[in-house]
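Have a look at work38.csv; it's CSV, C-alpha atoms:
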```csv
chain,number,residue,atom,x,y,z
A,260,MET,CA,115.7,116.2,69.5
A,261,ILE,CA,115.6,116.7,65.8
A,262,GLU,CA,111.9,116.8,64.7
A,263,GLN,CA,112.2,117.4,61.0
A,264,THR,CA,113.9,115.7,58.1
A,265,LYS,CA,113.8,118.8,56.0
A,266,PHE,CA,114.1,122.5,56.7
A,267,LEU,CA,113.3,125.1,54.0
A,268,GLY,CA,113.8,122.5,51.4
A,269,MET,CA,117.2,121.4,52.8
A,270,PRO,CA,117.5,117.8,54.1
A,271,LEU,CA,118.5,117.2,57.7
A,272,LYS,CA,119.1,113.4,57.6
A,273,THR,CA,122.9,113.3,57.8
A,274,GLN,CA,125.2,115.2,60.2
A,275,ARG,CA,126.9,116.9,57.3
A,276,GLN,CA,123.5,118.3,56.1
A,277,ARG,CA,122.6,119.5,59.5
A,278,ARG,CA,125.9,121.2,59.9
A,279,LEU,CA,125.4,122.9,56.5
A,280,VAL,CA,122.1,124.3,57.8
A,281,VAL,CA,123.8,125.7,60.8
A,282,VAL,CA,126.5,127.3,58.7
A,283,LEU,CA,123.9,128.8,56.3
A,284,TYR,CA,121.9,130.1,59.2
A,285,TYR,CA,124.8,132.0,60.6
A,286,VAL,CA,125.8,133.3,57.1
A,287,LEU,CA,122.2,134.7,56.9
A,288,PHE,CA,122.5,136.1,60.4
A,289,ALA,CA,125.9,137.7,59.5
A,290,ALA,CA,124.3,139.2,56.3
A,291,MET,CA,121.5,140.7,58.3
A,292,ALA,CA,123.9,142.1,60.9
A,293,GLY,CA,126.0,143.6,58.1
A,294,ALA,CA,122.9,145.2,56.6
A,295,GLY,CA,122.1,146.6,60.1
A,296,PHE,CA,125.6,148.1,60.3
A,297,TRP,CA,125.6,149.4,56.8
A,298,LEU,CA,122.0,150.8,56.5
A,299,GLY,CA,121.9,152.1,60.1
A,300,PRO,CA,118.7,153.3,62.0
A,301,LYS,CA,116.4,152.7,59.0
A,302,VAL,CA,116.5,148.9,59.5
A,303,TRP,CA,116.8,148.7,63.3
A,304,GLY,CA,113.1,148.5,63.8
A,305,ASP,CA,112.8,145.6,61.3
A,306,LEU,CA,115.8,143.7,62.9
A,307,ILE,CA,114.3,144.1,66.4
A,308,THR,CA,110.9,142.9,65.2
A,309,PHE,CA,112.4,139.6,63.9
A,310,THR,CA,114.7,139.0,66.8
A,311,LEU,CA,112.8,136.1,68.4
A,312,VAL,CA,111.8,134.6,65.0
A,313,LEU,CA,115.4,134.6,63.8
A,314,GLY,CA,116.7,133.4,67.2
A,315,GLY,CA,114.3,130.5,67.2
A,316,LEU,CA,114.5,129.6,63.5
A,317,LEU,CA,116.5,126.5,64.3
A,318,GLY,CA,114.1,125.6,67.1
A,319,GLY,CA,114.6,125.2,70.8
A,320,ILE,CA,112.6,128.3,71.7
A,321,GLN,CA,109.7,127.8,69.3
A,322,TYR,CA,107.7,125.1,67.7
A,323,GLY,CA,107.8,123.8,64.2
A,324,ALA,CA,111.5,124.1,63.7
A,325,PRO,CA,114.2,121.4,63.3
A,326,VAL,CA,115.1,121.2,67.0
A,327,LYS,CA,112.3,120.3,69.4
A,328,ALA,CA,111.3,123.0,71.8
A,329,PHE,CA,113.3,122.7,75.0
A,330,GLU,CA,110.3,123.4,77.2
A,331,GLU,CA,106.6,123.9,76.7
A,332,ILE,CA,106.1,127.4,75.4
A,333,GLN,CA,103.3,129.2,77.3
A,334,LEU,CA,101.7,131.3,74.7
A,335,PRO,CA,98.0,132.2,74.2
A,336,MET,CA,98.1,130.9,70.7
A,337,ALA,CA,97.1,127.3,71.1
A,338,MET,CA,94.0,126.6,69.1
A,339,GLY,CA,91.8,123.5,69.6
A,340,ASP,CA,93.7,120.4,70.4
A,341,GLY,CA,97.4,120.3,70.5
A,342,THR,CA,99.7,123.2,69.7
A,343,GLN,CA,99.5,125.0,66.4
A,344,THR,CA,102.8,124.7,64.6
A,345,LEU,CA,104.1,126.0,61.3
A,346,ASN,CA,106.1,123.3,59.6
A,347,LEU,CA,108.5,125.3,57.4
A,348,SER,CA,108.9,122.3,55.2
A,349,GLY,CA,105.2,121.9,54.4
A,350,ARG,CA,101.7,122.3,55.5
A,351,ARG,CA,100.5,123.7,58.8
A,352,GLN,CA,100.2,120.9,61.3
A,353,ASN,CA,98.7,120.3,64.6
A,354,ARG,CA,101.4,118.6,66.5
A,355,PRO,CA,101.2,118.5,70.3
A,356,TRP,CA,104.4,119.2,72.1
A,357,THR,CA,105.4,116.2,74.2
A,358,PRO,CA,107.7,116.5,77.2
A,359,LEU,CA,111.3,115.7,76.6
A,360,ASP,CA,112.3,112.1,77.5
A,361,GLU,CA,115.4,111.4,79.5
A,362,ARG,CA,117.7,111.2,76.5
A,363,GLU,CA,116.4,114.4,75.1
A,364,ARG,CA,116.8,116.2,78.4
A,365,ILE,CA,120.4,115.0,78.7
A,366,GLU,CA,121.1,116.2,75.2
A,367,ARG,CA,119.4,119.5,75.9
A,368,ASP,CA,121.3,120.2,79.0
A,369,HIS,CA,124.6,119.2,77.5
A,370,ALA,CA,124.0,121.4,74.5
A,371,HIS,CA,123.3,124.3,76.9
A,372,TYR,CA,126.5,123.6,78.7
A,373,THR,CA,128.5,123.7,75.5
A,374,ALA,CA,126.7,126.8,74.3
A,375,TYR,CA,127.4,128.5,77.6
A,376,ARG,CA,131.1,127.8,77.2
A,377,ILE,CA,131.1,129.1,73.7
A,378,MET,CA,129.2,132.2,74.7
A,379,ARG,CA,131.5,132.9,77.6
A,380,TRP,CA,134.6,132.9,75.5
A,381,SER,CA,133.0,134.8,72.6
A,382,LEU,CA,131.5,137.5,74.9
A,383,GLY,CA,134.9,137.9,76.5
A,384,LEU,CA,136.5,138.4,73.0
A,385,VAL,CA,133.8,140.9,72.0
A,386,ALA,CA,134.2,142.9,75.2
A,387,LEU,CA,138.0,143.0,74.5
A,388,VAL,CA,137.5,144.2,70.9
A,389,TYR,CA,135.0,146.8,72.1
A,390,VAL,CA,137.3,148.2,74.7
A,391,PHE,CA,140.1,148.4,72.2
A,392,SER,CA,137.8,150.1,69.7
A,393,LEU,CA,137.0,152.7,72.3
A,394,ASN,CA,140.7,153.6,72.3
A,395,TRP,CA,140.9,153.8,68.6
A,396,THR,CA,137.7,155.6,67.7
A,397,HIS,CA,136.1,158.8,68.7
A,398,SER,CA,132.6,160.1,68.3
A,399,GLY,CA,133.3,161.8,65.0
A,400,ALA,CA,135.2,158.8,63.5
A,401,LYS,CA,133.8,156.9,60.6
A,402,TRP,CA,134.1,153.6,62.5
A,403,ASP,CA,132.7,154.7,65.8
A,404,LEU,CA,131.2,151.5,67.1
A,405,GLY,CA,129.2,153.3,69.7
A,406,LYS,CA,126.9,154.6,67.0
A,407,HIS,CA,126.0,151.0,66.1
A,408,LEU,CA,125.2,149.9,69.6
A,409,PRO,CA,121.6,148.7,68.8
A,410,VAL,CA,122.8,146.4,66.1
A,411,MET,CA,125.6,145.1,68.3
A,412,VAL,CA,123.2,144.3,71.1
A,413,TRP,CA,120.8,142.7,68.5
A,414,VAL,CA,123.6,140.5,67.3
A,415,LEU,CA,124.4,139.5,70.8
A,416,VAL,CA,120.7,138.6,71.6
A,417,VAL,CA,120.2,136.5,68.4
A,418,TYR,CA,123.5,134.8,69.0
A,419,VAL,CA,122.6,133.9,72.5
A,420,LEU,CA,119.1,132.8,71.6
A,421,SER,CA,120.3,130.6,68.7
A,422,LEU,CA,123.4,128.9,70.1
A,423,PRO,CA,122.0,125.9,72.0
A,424,GLN,CA,119.9,124.7,69.0
A,425,ALA,CA,122.9,125.2,66.7
A,426,VAL,CA,124.9,123.0,69.1
A,427,VAL,CA,122.2,120.3,69.0
A,428,LEU,CA,122.1,120.3,65.2
A,429,TRP,CA,125.9,120.4,65.0
A,430,THR,CA,126.5,117.5,67.4
A,431,GLU,CA,123.6,115.2,66.8
A,432,PRO,CA,125.3,112.0,65.8
A,433,GLN,CA,124.9,110.4,62.4
A,434,PRO,CA,122.1,107.8,62.6
A,435,PRO,CA,123.2,104.2,61.9
A,436,VAL,CA,122.9,103.1,58.3
A,437,GLU,CA,119.9,100.8,58.0
A,438,ASP,CA,120.6,97.5,56.2
B,283,MET,CA,131.7,119.0,94.6
B,284,THR,CA,135.5,118.8,94.8
B,285,SER,CA,136.8,116.1,96.9
B,286,THR,CA,139.7,118.0,98.3
B,287,SER,CA,138.1,121.2,99.5
B,288,TYR,CA,134.8,121.6,101.3
B,289,SER,CA,135.7,124.9,103.0
B,290,VAL,CA,136.2,128.5,102.1
B,291,PHE,CA,138.5,130.6,104.3
B,292,GLY,CA,138.3,127.8,106.9
B,293,VAL,CA,134.5,127.8,107.0
B,294,SER,CA,133.0,124.4,106.2
B,295,MET,CA,130.7,124.3,103.2
B,296,GLN,CA,129.2,120.9,103.7
B,297,GLN,CA,125.8,122.2,104.7
B,298,ARG,CA,123.6,123.7,102.1
B,299,ARG,CA,122.5,126.5,104.4
B,300,THR,CA,126.1,127.7,104.7
B,301,ARG,CA,126.7,127.5,101.0
B,302,ARG,CA,123.6,129.6,100.4
B,303,LYS,CA,124.9,132.2,102.8
B,304,LEU,CA,128.2,132.2,100.9
B,305,VAL,CA,126.4,132.7,97.6
B,306,VAL,CA,124.3,135.6,98.9
B,307,MET,CA,127.3,137.3,100.4
B,308,VAL,CA,129.4,137.0,97.3
B,309,TYR,CA,126.7,138.3,95.1
B,310,ALA,CA,126.1,141.2,97.6
B,311,VAL,CA,129.7,142.2,97.3
B,312,LEU,CA,129.7,141.8,93.5
B,313,LEU,CA,126.5,143.9,93.2
B,314,VAL,CA,128.1,146.6,95.3
B,315,LEU,CA,131.1,146.6,93.0
B,316,CYS,CA,128.7,146.9,90.0
B,317,ALA,CA,126.9,149.8,91.7
B,318,VAL,CA,130.2,151.6,92.2
B,319,SER,CA,131.2,151.0,88.6
B,320,ILE,CA,127.8,152.2,87.3
B,321,ALA,CA,128.0,155.3,89.5
B,322,GLY,CA,131.4,156.1,88.0
B,323,ALA,CA,130.5,155.0,84.5
B,324,THR,CA,130.5,158.4,82.9
B,325,ARG,CA,133.8,159.4,84.4
B,326,TYR,CA,135.6,156.1,84.7
B,327,PRO,CA,134.1,153.7,82.1
B,328,LEU,CA,136.9,151.1,82.6
B,329,LEU,CA,136.0,150.4,86.2
B,330,TYR,CA,133.9,147.6,84.9
B,331,VAL,CA,137.1,145.7,84.1
B,332,TYR,CA,137.8,145.3,87.8
B,333,VAL,CA,134.2,144.0,88.3
B,334,SER,CA,134.9,141.5,85.6
B,335,TYR,CA,138.1,140.5,87.3
B,336,ALA,CA,136.3,140.1,90.6
B,337,ALA,CA,133.6,137.9,89.0
B,338,MET,CA,136.3,135.8,87.4
B,339,ALA,CA,138.2,135.4,90.7
B,340,VAL,CA,134.9,134.3,92.4
B,341,GLY,CA,134.4,131.8,89.6
B,342,MET,CA,137.9,130.4,89.7
B,343,PHE,CA,138.8,130.5,93.4
B,344,VAL,CA,135.6,130.6,95.5
B,345,PHE,CA,132.7,128.9,93.7
B,346,GLY,CA,134.9,126.9,91.4
B,347,GLY,CA,134.0,125.2,88.2
B,348,MET,CA,136.4,127.4,86.2
B,349,GLY,CA,139.7,125.6,86.9
B,350,GLN,CA,140.9,123.3,89.6
B,351,LYS,CA,140.4,125.6,92.6
B,352,GLY,CA,137.3,126.5,94.5
B,353,LEU,CA,134.4,124.4,95.9
B,354,LEU,CA,133.4,122.8,92.7
B,355,LYS,CA,135.4,120.5,90.4
B,356,GLY,CA,136.4,122.0,87.1
B,357,PHE,CA,133.4,121.9,84.7
B,358,GLU,CA,135.5,120.9,81.8
B,359,ASN,CA,136.4,117.6,83.4
B,360,LYS,CA,140.1,117.8,82.4
B,361,PRO,CA,143.0,116.6,84.5
B,362,PRO,CA,145.1,119.3,86.1
B,363,ARG,CA,148.3,120.2,84.3
B,364,THR,CA,151.1,118.0,85.7
B,365,GLN,CA,154.2,119.6,87.0
B,366,GLN,CA,157.2,119.8,84.8
B,367,MET,CA,159.0,116.5,84.8
B,368,PRO,CA,162.3,115.5,83.2
B,369,LEU,CA,161.7,113.9,79.8
B,370,LEU,CA,163.1,110.6,80.9
B,371,GLU,CA,160.6,110.4,83.8
B,372,VAL,CA,157.8,111.3,81.4
B,373,GLU,CA,158.8,108.5,79.1
B,374,ARG,CA,159.2,106.0,81.9
B,375,LEU,CA,155.7,106.8,83.2
B,376,ARG,CA,154.3,106.6,79.7
B,377,LEU,CA,155.7,103.1,79.2
B,378,LEU,CA,154.4,101.7,82.5
B,379,PRO,CA,151.0,99.9,82.4
B,380,LYS,CA,148.3,102.3,83.4
B,381,ALA,CA,147.4,100.4,86.6
B,382,GLU,CA,150.8,100.9,88.0
B,383,VAL,CA,150.7,104.6,87.7
B,384,GLU,CA,149.0,106.1,90.6
B,385,GLN,CA,146.4,108.6,89.4
B,386,ASP,CA,144.7,111.2,91.3
B,387,LEU,CA,141.1,111.3,90.0
B,388,SER,CA,139.7,113.8,92.5
B,389,TRP,CA,139.4,116.3,89.6
B,390,LYS,CA,137.0,114.0,87.7
B,391,ASN,CA,133.2,114.6,87.8
B,392,ASP,CA,131.1,111.5,88.1
B,393,GLU,CA,128.0,111.0,86.1
B,394,ARG,CA,125.7,112.6,88.6
B,395,GLU,CA,128.0,115.7,88.9
B,396,LEU,CA,128.1,116.0,85.1
B,397,SER,CA,124.3,115.9,84.8
B,398,ARG,CA,124.1,118.5,87.6
B,399,ARG,CA,126.6,120.6,85.8
B,400,ASN,CA,124.7,120.4,82.6
B,401,LEU,CA,121.4,121.2,84.2
B,402,ALA,CA,122.9,124.2,86.1
B,403,HIS,CA,124.2,125.6,82.8
B,404,TYR,CA,120.8,125.1,81.2
B,405,LYS,CA,119.1,127.1,83.9
B,406,ALA,CA,121.8,129.8,83.9
B,407,TYR,CA,121.5,130.0,80.1
B,408,GLN,CA,117.8,130.8,80.5
B,409,VAL,CA,118.6,133.7,82.8
B,410,VAL,CA,121.2,135.0,80.5
B,411,GLY,CA,119.0,134.5,77.5
B,412,LEU,CA,116.2,136.6,79.2
B,413,SER,CA,118.6,139.4,79.9
B,414,GLY,CA,119.5,139.8,76.3
B,415,PRO,CA,116.0,140.9,75.0
B,416,ILE,CA,115.7,143.3,78.0
B,417,LEU,CA,119.0,144.8,77.0
B,418,LEU,CA,117.8,145.1,73.4
B,419,VAL,CA,114.5,146.8,74.5
B,420,LEU,CA,116.4,149.3,76.6
B,421,THR,CA,118.9,150.0,73.8
B,422,ALA,CA,116.1,150.6,71.3
B,423,TRP,CA,114.2,152.8,73.7
B,424,ALA,CA,117.3,154.8,74.5
B,425,LEU,CA,117.8,155.7,70.9
B,426,PHE,CA,114.1,156.1,70.0
B,427,PRO,CA,114.0,159.8,69.1
B,428,LYS,CA,110.6,160.7,70.5
B,429,GLN,CA,110.9,159.4,74.0
B,430,HIS,CA,111.5,162.0,76.6
B,431,LEU,CA,111.0,160.0,79.8
B,432,LEU,CA,114.7,159.5,80.4
B,433,SER,CA,117.7,161.1,78.9
B,434,VAL,CA,119.9,159.1,76.5
B,435,THR,CA,122.8,159.3,79.0
B,436,THR,CA,120.6,157.8,81.8
B,437,MET,CA,119.4,155.0,79.5
B,438,LEU,CA,123.0,154.3,78.3
B,439,VAL,CA,124.1,154.0,81.9
B,440,MET,CA,121.2,151.6,82.6
B,441,ILE,CA,122.3,149.5,79.6
B,442,PHE,CA,125.9,149.6,80.8
B,443,GLY,CA,124.7,148.5,84.3
B,444,LEU,CA,122.7,145.6,82.9
B,445,ALA,CA,125.6,144.5,80.7
B,446,GLU,CA,127.9,144.5,83.7
B,447,VAL,CA,125.5,142.4,85.8
B,448,LEU,CA,125.2,140.1,82.9
B,449,THR,CA,128.9,139.7,82.7
B,450,VAL,CA,129.0,138.8,86.4
B,451,LEU,CA,126.2,136.3,86.0
B,452,VAL,CA,127.8,134.7,83.0
B,453,MET,CA,130.9,134.0,85.0
B,454,THR,CA,129.4,132.8,88.2
B,455,LEU,CA,125.8,131.7,87.8
B,456,PRO,CA,126.1,128.0,86.9
B,457,ALA,CA,128.4,127.4,89.9
B,458,ALA,CA,126.1,129.4,92.2
B,459,ILE,CA,123.1,127.3,91.1
B,460,ILE,CA,124.9,124.1,91.9
B,461,LEU,CA,126.1,125.4,95.3
B,462,TRP,CA,122.6,126.6,96.0
B,463,THR,CA,120.8,123.4,95.1
B,464,GLU,CA,123.3,120.7,96.1
B,465,PRO,CA,122.1,118.8,99.2
B,466,ASP,CA,124.1,118.7,102.5
B,467,ILE,CA,127.3,116.7,102.1
B,468,ASP,CA,127.8,113.8,104.4
B,469,LEU,CA,131.4,112.8,104.8
B,470,GLY,CA,130.7,110.3,107.5
```

Would you give me this structure, written as structure tokens?
Amino acid sequence: MIEQTKFLGMPLKTQRQRRLVVVLYYVLFAAMAGAGFWLGPKVWGDLITFTLVLGGLLGGIQYGAPVKAFEEIQLPMAMGDGTQTLNLSGRRQNRPWTPLDERERIERDHAHYTAYRIMRWSLGLVALVYVFSLNWTHSGAKWDLGKHLPVMVWVLVVYVLSLPQAVVLWTEPQPPVED
Amino acid sequence: MTSTSYSVFGVSMQQRRTRRKLVVMVYAVLLVLCAVSIAGATRYPLLYVYVSYAAMAVGMFVFGGMGQKGLLKGFENKPPRTQQMPLLEVERLRLLPKAEVEQDLSWKNDERELSRRNLAHYKAYQVVGLSGPILLVLTAWALFPKQHLLSVTTMLVMIFGLAEVLTVLVMTLPAAIILWTEPDIDLG
């Protein structure tokens, strides 16, 4: 399922390197969410514009990223033969998307199962925090979470979009050391 | 499917047609509860908690998958918690060779069931993943200052409604997909 050996200059050969990429990705995501909370409506438009790009940065829902696209993406962007992809580690390449083989399908489905479980627990936690916050804040309070609803929803959307590919990168086993 | 229970309230669920009717009925009830909660959203915003409990109850006791009850085996493939035993009995069982200890493996999913489980979660994830951007668009539109088509309150109620339906789906959709697509069970 892993299609690249490098991503934005970072190697992806070992499990530790791939996990580092996942951690850095979510640190970037948290920083953008923090900027959204801090700067307010000025940046909401920019955040929303980059939702799909950020959500698919690790792959899964777009081509040319570390994790192979889970399904063929039906977009009117294919030019010539094959699917135009942007390899973030190098030159633009024409690399046709090939259907997932059995092992990749098993891996994809299992990653989604794991992602679903994580999502279910984390959404429950978020809902709990939000309900408690309603009790402690009011419309004039400095920390009224209701005012930041778009950013909270944006965080939820990017989190949901990115989770399966993060699971794939995190759990992909270490390849055997070649003699 | 669980090996110990193929019925809900005494009605056999071996036939796919019957299971599909169950899924439709359950979702009809949950949608009615969602509608009631949305209608009272401005006055009683915490009604959604009861809808969440109802969805959880469906997932745990009717459809299954979340725990040991219900039509489907637990998705996590973990053995049920054993009853409290005296310490000496626990140690005695632990020292016995495994073959001598009778084990109830009805909770365990076989390979086919595990792959069905994973595929159902993949499909359910796509539905949930699609709802997210819709929620985001609604939220952005609600707070866009120049739109006058719908009031902010109406938009926020719509967002609340969608979030509530999403909550119900997150808890029940994978199990519903399996129950909907699993072929008739032949016990004969």

Discussion item. Tell me as a PyMOL selection string which residues belonging to chain A come within 8 Å of chain B, counting all atoms listed in the file.
Written reply: chain A and resi 307+365+367-369+371-372+375+379+408-409+412-413+415-416+419-420

Save out the residues we just selected, C-alpha atoms, as a tab-separated table (two decimals), keeping the file's coordinate frame.
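Dumped everything to part34.tsv:
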```tsv
chain	number	residue	atom	x	y	z
A	307	ILE	CA	114.30	144.10	66.40
A	365	ILE	CA	120.40	115.00	78.70
A	367	ARG	CA	119.40	119.50	75.90
A	368	ASP	CA	121.30	120.20	79.00
A	369	HIS	CA	124.60	119.20	77.50
A	371	HIS	CA	123.30	124.30	76.90
A	372	TYR	CA	126.50	123.60	78.70
A	375	TYR	CA	127.40	128.50	77.60
A	379	ARG	CA	131.50	132.90	77.60
A	408	LEU	CA	125.20	149.90	69.60
A	409	PRO	CA	121.60	148.70	68.80
A	412	VAL	CA	123.20	144.30	71.10
A	413	TRP	CA	120.80	142.70	68.50
A	415	LEU	CA	124.40	139.50	70.80
A	416	VAL	CA	120.70	138.60	71.60
A	419	VAL	CA	122.60	133.90	72.50
A	420	LEU	CA	119.10	132.80	71.60
```

Item to complete: Select, counting all atoms listed in the file, all protein, DNA and RNA residues no farther than 7 Å from (104.8, 120.6, 75.2) in file coordinates, and express the selection as a count of residues only.
Response: 7

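Here atom CA of A:Ser421 is placed at a distance of 4.8 Å from atom CA of A:Gly314.
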
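The smallest atom-to-atom distance between B:Phe442 and any of B:Tyr332, B:Gly292, B:Ile320, B:Leu312, using all atoms listed in the file, is found for B:Ile320.
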
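Considering only C-alpha atoms, the residue among B:Met440, B:Trp389, B:Val409, B:Phe343 positioned nearest to B:Phe291 is B:Phe343.
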
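Interatomic distance, atom CA of A:Met269 against atom CA of A:Arg362: 25.8 Å.
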
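For the set B:Val450, B:Val290, B:Leu444, B:Leu315, the residue with the smallest atom-to-atom gap to B:Leu329 is B:Leu315, counting all atoms listed in the file.
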
Item to complete: Determine, counting all atoms listed in the file, which protein, DNA and RNA residues have an atom within 10 Å of an atom of B:Asp468; residues of the same chain fewer than 2 positions away are not included. Present the result as a PyMOL selection string.
Response: chain B and resi 296-297+465-466+470

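In this model, the gap between atom CA of B:Tyr309 and atom CA of A:Ala386 comes to 21.8 Å.
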
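With distances restricted to all atoms listed in the file, B:Val311 is the closest residue to B:Val333 from B:Arg298, B:Val306, B:Val311, B:Lys355.
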
Practice prompt. Would you kindly return, as a list in words, each protein, DNA or RNA residue with an atom no farther than 10 Å from any atom of A:Tyr284, considering only C-alpha atoms and excluding same-chain residues fewer than 2 positions away?
Written response: Arg278, Leu279, Val280, Val281, Val282, Val286, Leu287, Phe288, Ala289, Ala290, Leu313, Leu316, Leu317, Ser421 and Ala425 of chain A

Practice prompt. Please identify all polymer residues within 7 Å of A:Pro423, counting all atoms listed in the file, omitting same-chain residues fewer than 4 positions from it, and present them as an NGL selection string.
Written response: :A and (370-371 or 374 or 427)

Can those selected residues be exported to a file as a short mmCIF file (atom, residue, chain, number, x, y, z; two decimals), keeping the file's coordinate frame so that it contains C-alpha atoms?
```
data_model
loop_
_atom_site.label_atom_id
_atom_site.label_comp_id
_atom_site.auth_asym_id
_atom_site.auth_seq_id
_atom_site.Cartn_x
_atom_site.Cartn_y
_atom_site.Cartn_z
CA ALA A 370 124.00 121.40 74.50
CA HIS A 371 123.30 124.30 76.90
CA ALA A 374 126.70 126.80 74.30
CA VAL A 427 122.20 120.30 69.00
#
```

For B:Ala458, list every protein, DNA or RNA residue within 10 Å, evaluated using all atoms listed in the file, and leave out those in the same chain fewer than 4 positions away; present the list as a PDB file with C-alpha atoms, in the coordinates of the input.
```
ATOM      1  CA  ARG B 301     126.700 127.500 101.000  1.00  0.00           C
ATOM      2  CA  ARG B 302     123.600 129.600 100.400  1.00  0.00           C
ATOM      3  CA  LEU B 304     128.200 132.200 100.900  1.00  0.00           C
ATOM      4  CA  VAL B 305     126.400 132.700  97.600  1.00  0.00           C
ATOM      5  CA  VAL B 306     124.300 135.600  98.900  1.00  0.00           C
ATOM      6  CA  VAL B 308     129.400 137.000  97.300  1.00  0.00           C
ATOM      7  CA  TYR B 309     126.700 138.300  95.100  1.00  0.00           C
ATOM      8  CA  GLY B 341     134.400 131.800  89.600  1.00  0.00           C
ATOM      9  CA  PHE B 345     132.700 128.900  93.700  1.00  0.00           C
ATOM     10  CA  GLY B 346     134.900 126.900  91.400  1.00  0.00           C
ATOM     11  CA  GLY B 347     134.000 125.200  88.200  1.00  0.00           C
ATOM     12  CA  LEU B 354     133.400 122.800  92.700  1.00  0.00           C
ATOM     13  CA  ALA B 402     122.900 124.200  86.100  1.00  0.00           C
ATOM     14  CA  ALA B 406     121.800 129.800  83.900  1.00  0.00           C
ATOM     15  CA  LEU B 451     126.200 136.300  86.000  1.00  0.00           C
ATOM     16  CA  MET B 453     130.900 134.000  85.000  1.00  0.00           C
ATOM     17  CA  THR B 454     129.400 132.800  88.200  1.00  0.00           C
ATOM     18  CA  TRP B 462     122.600 126.600  96.000  1.00  0.00           C
ATOM     19  CA  THR B 463     120.800 123.400  95.100  1.00  0.00           C
ATOM     20  CA  GLU B 464     123.300 120.700  96.100  1.00  0.00           C
TER      21      GLU B 464
END
```

Discussion item. I'd like to know which of A:Lys265, A:Arg275, A:Arg376, A:Lys301 is closest to A:Val326, using all atoms listed in the file.
Written reply: A:Lys265

Kindly reconstruct stretch 359-372 of chain A with N, CA and C atoms and present the result as a short mmCIF file (atom, residue, chain, number, x, y, z; two decimals), in the coordinates of the input.
```
data_model
loop_
_atom_site.label_atom_id
_atom_site.label_comp_id
_atom_site.auth_asym_id
_atom_site.auth_seq_id
_atom_site.Cartn_x
_atom_site.Cartn_y
_atom_site.Cartn_z
N LEU A 359 110.07 116.32 77.02
CA LEU A 359 111.30 115.70 76.60
C LEU A 359 111.51 114.38 77.41
N ASP A 360 111.95 113.34 76.73
CA ASP A 360 112.30 112.10 77.50
C ASP A 360 113.69 112.30 78.06
N GLU A 361 114.15 111.26 78.75
CA GLU A 361 115.40 111.40 79.50
C GLU A 361 116.59 111.70 78.56
N ARG A 362 116.63 110.99 77.45
CA ARG A 362 117.70 111.20 76.50
C ARG A 362 117.74 112.61 75.95
N GLU A 363 116.54 113.09 75.64
CA GLU A 363 116.40 114.40 75.10
C GLU A 363 116.81 115.49 76.12
N ARG A 364 116.44 115.23 77.37
CA ARG A 364 116.80 116.20 78.40
C ARG A 364 118.32 116.23 78.62
N ILE A 365 118.95 115.06 78.58
CA ILE A 365 120.40 115.00 78.70
C ILE A 365 121.05 115.76 77.55
N GLU A 366 120.51 115.53 76.37
CA GLU A 366 121.10 116.20 75.20
C GLU A 366 120.86 117.71 75.27
N ARG A 367 119.68 118.12 75.70
CA ARG A 367 119.40 119.50 75.90
C ARG A 367 120.34 120.20 76.84
N ASP A 368 120.49 119.57 78.01
CA ASP A 368 121.30 120.20 79.00
C ASP A 368 122.80 120.21 78.59
N HIS A 369 123.25 119.16 77.95
CA HIS A 369 124.60 119.20 77.50
C HIS A 369 124.86 120.21 76.40
N ALA A 370 123.87 120.38 75.53
CA ALA A 370 124.00 121.40 74.50
C ALA A 370 124.06 122.80 75.13
N HIS A 371 123.29 123.02 76.18
CA HIS A 371 123.30 124.30 76.90
C HIS A 371 124.66 124.53 77.57
N TYR A 372 125.22 123.46 78.09
CA TYR A 372 126.50 123.60 78.70
C TYR A 372 127.58 124.00 77.68
#
```
